[in-house]
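Engineer: Can you keep this structure in mind? I'll have questions shortly.
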Amino acid sequence: MKLNRIIIHELIKDAGKIEASFKPSTSLLTVNDGLASMIQEVHDSFEKLINSYHKFKPHSERKAVFINAHKYSNGDETDNRFYNWSKTSMRELEGEIKSVPFATGGYYVFSDYELNGLRFLSIVIVRNKEAFNIKWDPAAEMYNVDSTENINIDQMAMGFRLNVNLYKGAASRNYIALINKKGDGASQYFKDWVCVDEGTGPKQNTNNFIDIIKKIGLPENFEGDDDVFFKHVYDTIDAEYKGNNGFVNVDRISELFYRDRARIRKYAEEEYGQELDSEFKVHTDSLKKLIRFKAAVKGLTISLDIGLFQNDTVVLKDNSVIIRNQSIYDQLLKQRNEGN
């Protein structure tokens, strides 16, 4: 971990009120090993809390978060640009949050760091200053952190993290990760402030998940073949999304089958090159691809559930498809006779 720059500001606002005020630090914190360890811990916890992945939405050229992050990421890596990124972004938020009655204030931790060969720009919001041991230094006119004490990562309310390498490189990849409480309507202001798009939709997320499950391999000591495993995953998701307003939690699926909450999403990023939202709305038709095969040529379409292979109703042999089903045979025979 290499921590390059860090600063903390406060936005003061009570829920139900329209008044808001911004209390800025006047300078960056002095980087030390304690702060670097703190941001390492924040990064590790961020990985576990990510809700969704995004890109910057189009036409954000006048938004402070975007324009300063863009300039900073593309060569203007100076203390002044980093400070402007944090301060002008907070000034903009101060004005916008007044129209969100139930939004509340907090401490905004801006950081620039490098980890495992990747560069990140991060904004983490905490509601309780004791959680991160944040203290106001009146002499220096800045917020400081006692990094020698334990911090409470659970107090991270929302977060934004820009993967600079992806942002400057693969245009097809989602390069922004968000922590954003699902069901918190007030948090939409946060997504607007950091200029993110709508992210990956249900159909693409579901298709990505299925592709990853089919590539990741069977869990250790799993008794059964691929088809049995896919059916187990399908049944589990089918039960979960019906009781969760149509959403599935990937980390719970990962924990259930691989005994590791991060296994599926980590594999998706590192081996498959695809960010996968930790929780997404299931596209039910796409989900059926886990248990259904489909093939088509001109004049012939076949759609088959996995179970038909498992009970030998359908057999692939000698470049032929053999279907052992009396009902299908009778239907086709009847239609052929009627046609003659």
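Here, A, B, ... name the chains of the structure tokens in the order displayed, residue numbers run from 1 inside each chain, and ligands are numbered from 1 in the same displayed order.
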Can you pull out the residues contacting Lys215 in chain A? Cut-off 12 Å, using only C-alpha atoms, and skip same-chain residues under 2 positions away; I want them as a PyMOL selection string.
Structural biologist: chain A and resi 208-213+217-219+226+230+264+267-268+271-272
Engineer: Excluding same-chain residues fewer than 2 positions from Lys48 in chain A, what lies within 12 Å of it counting only C-alpha atoms, as an mmCIF file with N, CA and C atoms, in the first residue's frame?
Structural biologist:
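In the end it all went to part_32.cif:
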data_model
loop_
_atom_site.group_PDB
_atom_site.id
_atom_site.type_symbol
_atom_site.label_atom_id
_atom_site.label_comp_id
_atom_site.auth_asym_id
_atom_site.auth_seq_id
_atom_site.Cartn_x
_atom_site.Cartn_y
_atom_site.Cartn_z
ATOM 1 N N GLU A 41 -7.019 -0.722 5.434
ATOM 2 C CA GLU A 41 -8.169 -1.343 6.086
ATOM 3 C C GLU A 41 -9.473 -0.876 5.444
ATOM 4 N N VAL A 42 -9.533 0.405 5.097
ATOM 5 C CA VAL A 42 -10.715 0.923 4.408
ATOM 6 C C VAL A 42 -10.888 0.213 3.069
ATOM 7 N N HIS A 43 -9.795 0.051 2.329
ATOM 8 C CA HIS A 43 -9.869 -0.629 1.028
ATOM 9 C C HIS A 43 -10.363 -2.058 1.180
ATOM 10 N N ASP A 44 -9.803 -2.793 2.133
ATOM 11 C CA ASP A 44 -10.205 -4.190 2.333
ATOM 12 C C ASP A 44 -11.679 -4.295 2.689
ATOM 13 N N SER A 45 -12.147 -3.384 3.536
ATOM 14 C CA SER A 45 -13.556 -3.402 3.919
ATOM 15 C C SER A 45 -14.450 -2.951 2.769
ATOM 16 N N PHE A 46 -13.967 -1.986 1.988
ATOM 17 C CA PHE A 46 -14.714 -1.512 0.821
ATOM 18 C C PHE A 46 -15.023 -2.687 -0.105
ATOM 19 N N ILE A 50 -18.984 -3.400 -1.374
ATOM 20 C CA ILE A 50 -19.371 -2.871 -2.685
ATOM 21 C C ILE A 50 -20.771 -3.352 -3.065
ATOM 22 N N ASN A 51 -21.607 -2.410 -3.478
ATOM 23 C CA ASN A 51 -22.953 -2.742 -3.968
ATOM 24 C C ASN A 51 -22.997 -2.850 -5.478
ATOM 25 N N SER A 52 -22.320 -1.937 -6.151
ATOM 26 C CA SER A 52 -22.466 -1.886 -7.601
ATOM 27 C C SER A 52 -21.273 -1.231 -8.260
ATOM 28 N N ILE A 153 -14.849 0.343 10.758
ATOM 29 C CA ILE A 153 -15.173 0.371 9.341
ATOM 30 C C ILE A 153 -16.672 0.257 9.101
ATOM 31 N N ASP A 154 -17.385 -0.379 10.041
ATOM 32 C CA ASP A 154 -18.828 -0.548 9.865
ATOM 33 C C ASP A 154 -19.556 0.786 9.773
ATOM 34 N N MET A 156 -18.804 3.199 7.824
ATOM 35 C CA MET A 156 -18.798 3.758 6.471
ATOM 36 C C MET A 156 -20.222 3.743 5.936
ATOM 37 N N ALA A 177 -16.516 1.818 -8.285
ATOM 38 C CA ALA A 177 -17.222 0.964 -7.332
ATOM 39 C C ALA A 177 -17.923 1.849 -6.309
ATOM 40 N N LEU A 178 -19.143 1.451 -5.925
ATOM 41 C CA LEU A 178 -19.923 2.237 -4.968
ATOM 42 C C LEU A 178 -20.339 1.398 -3.770
ATOM 43 N N ILE A 179 -20.306 2.038 -2.623
ATOM 44 C CA ILE A 179 -21.053 1.569 -1.457
ATOM 45 C C ILE A 179 -22.238 2.511 -1.342
ATOM 46 N N VAL A 250 -24.840 -11.954 -4.368
ATOM 47 C CA VAL A 250 -23.782 -12.819 -4.895
ATOM 48 C C VAL A 250 -22.874 -13.315 -3.784
ATOM 49 N N ASP A 251 -22.595 -12.459 -2.805
ATOM 50 C CA ASP A 251 -21.691 -12.866 -1.733
ATOM 51 C C ASP A 251 -22.283 -13.993 -0.897
ATOM 52 N N ARG A 252 -23.597 -13.987 -0.703
ATOM 53 C CA ARG A 252 -24.222 -15.090 0.037
ATOM 54 C C ARG A 252 -24.146 -16.385 -0.765
ATOM 55 N N ASP A 260 -16.578 -18.897 0.890
ATOM 56 C CA ASP A 260 -15.781 -17.671 0.759
ATOM 57 C C ASP A 260 -16.660 -16.615 0.114
ATOM 58 N N ARG A 261 -17.018 -15.582 0.878
ATOM 59 C CA ARG A 261 -17.943 -14.567 0.377
ATOM 60 C C ARG A 261 -17.395 -13.831 -0.838
ATOM 61 N N ALA A 262 -16.090 -13.713 -0.953
ATOM 62 C CA ALA A 262 -15.503 -12.922 -2.036
ATOM 63 C C ALA A 262 -15.128 -13.760 -3.257
ATOM 64 N N ARG A 263 -15.283 -15.058 -3.186
ATOM 65 C CA ARG A 263 -14.743 -15.943 -4.234
ATOM 66 C C ARG A 263 -15.306 -15.627 -5.622
ATOM 67 N N ARG A 265 -17.026 -12.907 -6.870
ATOM 68 C CA ARG A 265 -16.732 -11.577 -7.413
ATOM 69 C C ARG A 265 -15.239 -11.384 -7.683
ATOM 70 N N LYS A 266 -14.395 -11.981 -6.835
ATOM 71 C CA LYS A 266 -12.955 -11.883 -7.052
ATOM 72 C C LYS A 266 -12.556 -12.618 -8.326
ATOM 73 N N ASP A 277 -21.800 -6.871 -9.772
ATOM 74 C CA ASP A 277 -22.424 -6.242 -8.611
ATOM 75 C C ASP A 277 -22.640 -7.276 -7.513
ATOM 76 N N SER A 278 -22.436 -6.867 -6.266
ATOM 77 C CA SER A 278 -22.593 -7.805 -5.160
ATOM 78 C C SER A 278 -24.051 -8.182 -4.945
ATOM 79 N N GLU A 279 -24.966 -7.317 -5.344
ATOM 80 C CA GLU A 279 -26.393 -7.625 -5.273
ATOM 81 C C GLU A 279 -27.063 -7.022 -6.496
#
Engineer: Given the choices A:Ala20, A:Leu290, A:Ile8, A:Met90, which gets closest to Ser111 in chain A if the distance is worked out from only C-alpha atoms?
Structural biologist: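 Counting only C-alpha atoms, the residue closest to Ser111 in chain A is A:Ile8.
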Engineer: From the options A:Gln331, A:Thr26, A:Thr236, A:Ser320, which residue's atoms come nearest to Pro138 in chain A, counting only C-alpha atoms?
Structural biologist: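 For Pro138 in chain A, the nearest of the candidates is A:Thr26.
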Engineer: Given the choices A:Gly246, A:Gly339, A:Gly199, A:Gly273, which gets closest to Leu166 in chain A if the distance is worked out from only C-alpha atoms?
Structural biologist: A:Gly273
Engineer: Give me, please, the distance in Å between CA of Arg62 in chain A and CA of Leu11 in chain A, quoted to one decimal.
Structural biologist: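 Interatomic distance here is 21.4 Å.
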Engineer: Mind pulling up the distance from CA of Ile306 in chain A to CA of Asp225 in chain A?
Structural biologist: 11.5 Å
Engineer: Enumerate the residues of range 3-203 of chain A with a DSSP assignment of strand (DSSP E or B), computed from the backbone, and present them as a PyMOL selection string.
Structural biologist: chain A and resi 3-12+21-23+52-54+56+106-115+118-126+134-137+142-145+156-163+176-179+196
Engineer: Which neighbours of Tyr107 in chain A fall inside 9 Å, counting only C-alpha atoms, when residues of the same chain fewer than 4 positions from it are skipped, and could you give them as a PyMOL selection string?
Structural biologist: chain A and resi 8-12+124-129+134
Engineer: So, with only C-alpha atoms as the atoms that count, which of A:His70, A:Arg161, A:Lys289, A:His232 lies closest to Ser122 in chain A?
Structural biologist: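 Ranked by minimum distance to Ser122 in chain A, first place goes to A:Arg161.
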Engineer: Just checking: using only C-alpha atoms, which residue out of A:Ile302, A:Glu94, A:Glu77, A:Tyr175 ends up closest to Asp197 in chain A?
Structural biologist: A:Tyr175
Engineer: What separation in Å, quoted to one decimal, exists between CA of Leu162 in chain A and CA of Val100 in chain A?
Structural biologist: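 According to the coordinates, CA of Leu162 in chain A and CA of Val100 in chain A are separated by 24.9 Å.
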Engineer: Identify, on the basis of only C-alpha atoms, every residue whose closest approach to Met1 in chain A does not exceed 8 Å; exclude the query and any residue fewer than 4 positions from it along the same chain; express the result as an mmCIF file with N, CA, C and O atoms, in the first residue's frame.
Structural biologist:
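The resulting file, selection-v6.cif, is shown below:
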data_model
loop_
_atom_site.group_PDB
_atom_site.id
_atom_site.type_symbol
_atom_site.label_atom_id
_atom_site.label_comp_id
_atom_site.auth_asym_id
_atom_site.auth_seq_id
_atom_site.Cartn_x
_atom_site.Cartn_y
_atom_site.Cartn_z
ATOM 1 N N ALA A 36 -1.583 5.171 6.170
ATOM 2 C CA ALA A 36 -1.543 4.179 5.091
ATOM 3 C C ALA A 36 -2.208 2.879 5.541
ATOM 4 O O ALA A 36 -2.967 2.261 4.787
ATOM 5 N N SER A 37 -1.960 2.466 6.773
ATOM 6 C CA SER A 37 -2.599 1.251 7.304
ATOM 7 C C SER A 37 -4.104 1.427 7.408
ATOM 8 O O SER A 37 -4.877 0.494 7.150
ATOM 9 N N GLN A 40 -5.536 1.137 3.971
ATOM 10 C CA GLN A 40 -5.498 -0.283 3.601
ATOM 11 C C GLN A 40 -6.714 -1.001 4.177
ATOM 12 O O GLN A 40 -7.381 -1.789 3.497
ATOM 13 N N TYR A 113 -4.410 6.487 -3.462
ATOM 14 C CA TYR A 113 -3.473 5.457 -3.016
ATOM 15 C C TYR A 113 -3.239 4.424 -4.105
ATOM 16 O O TYR A 113 -3.979 4.335 -5.087
ATOM 17 N N GLU A 114 -2.182 3.640 -3.922
ATOM 18 C CA GLU A 114 -1.817 2.584 -4.859
ATOM 19 C C GLU A 114 -1.729 1.261 -4.105
ATOM 20 O O GLU A 114 -1.188 1.209 -2.998
ATOM 21 N N LEU A 115 -2.265 0.213 -4.728
ATOM 22 C CA LEU A 115 -2.274 -1.102 -4.095
ATOM 23 C C LEU A 115 -2.243 -2.175 -5.163
ATOM 24 O O LEU A 115 -3.034 -2.136 -6.112
ATOM 25 N N ASN A 116 -1.316 -3.109 -5.028
ATOM 26 C CA ASN A 116 -1.191 -4.230 -5.966
ATOM 27 C C ASN A 116 -1.092 -3.763 -7.419
ATOM 28 O O ASN A 116 -1.695 -4.358 -8.318
#
Engineer: I need the residue nearest Phe66 in chain A from this list: A:Lys87, A:Asn32, A:Val194, A:Glu47. Use only C-alpha atoms for the distance.
Structural biologist: A:Val194
Engineer: Can you pull out the residues contacting Val145 in chain A? Cut-off 9 Å, using only C-alpha atoms, and skip same-chain residues under 5 positions away; I want them as a list in words.
Structural biologist: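 In the requested form, the answer reads Ile8, Leu29, Leu35, Phe132, Asn133, Ile134, Lys135 and Trp136 of chain A.
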Engineer: Produce a file of the selected residues containing C-alpha atoms, as a JSON list (two decimals), in the first residue's frame.
Structural biologist:
[["chain", "number", "residue", "atom", "x", "y", "z"],
["A", 8, "ILE", "CA", -10.94, 15.06, 5.48],
["A", 29, "LEU", "CA", -2.89, 15.49, 6.00],
["A", 35, "LEU", "CA", -2.71, 6.61, 7.79],
["A", 132, "PHE", "CA", -12.45, 6.95, 12.49],
["A", 133, "ASN", "CA", -11.07, 8.91, 15.47],
["A", 134, "ILE", "CA", -11.45, 12.17, 13.55],
["A", 135, "LYS", "CA", -10.42, 15.30, 15.42],
["A", 136, "TRP", "CA", -10.43, 19.00, 14.52]]
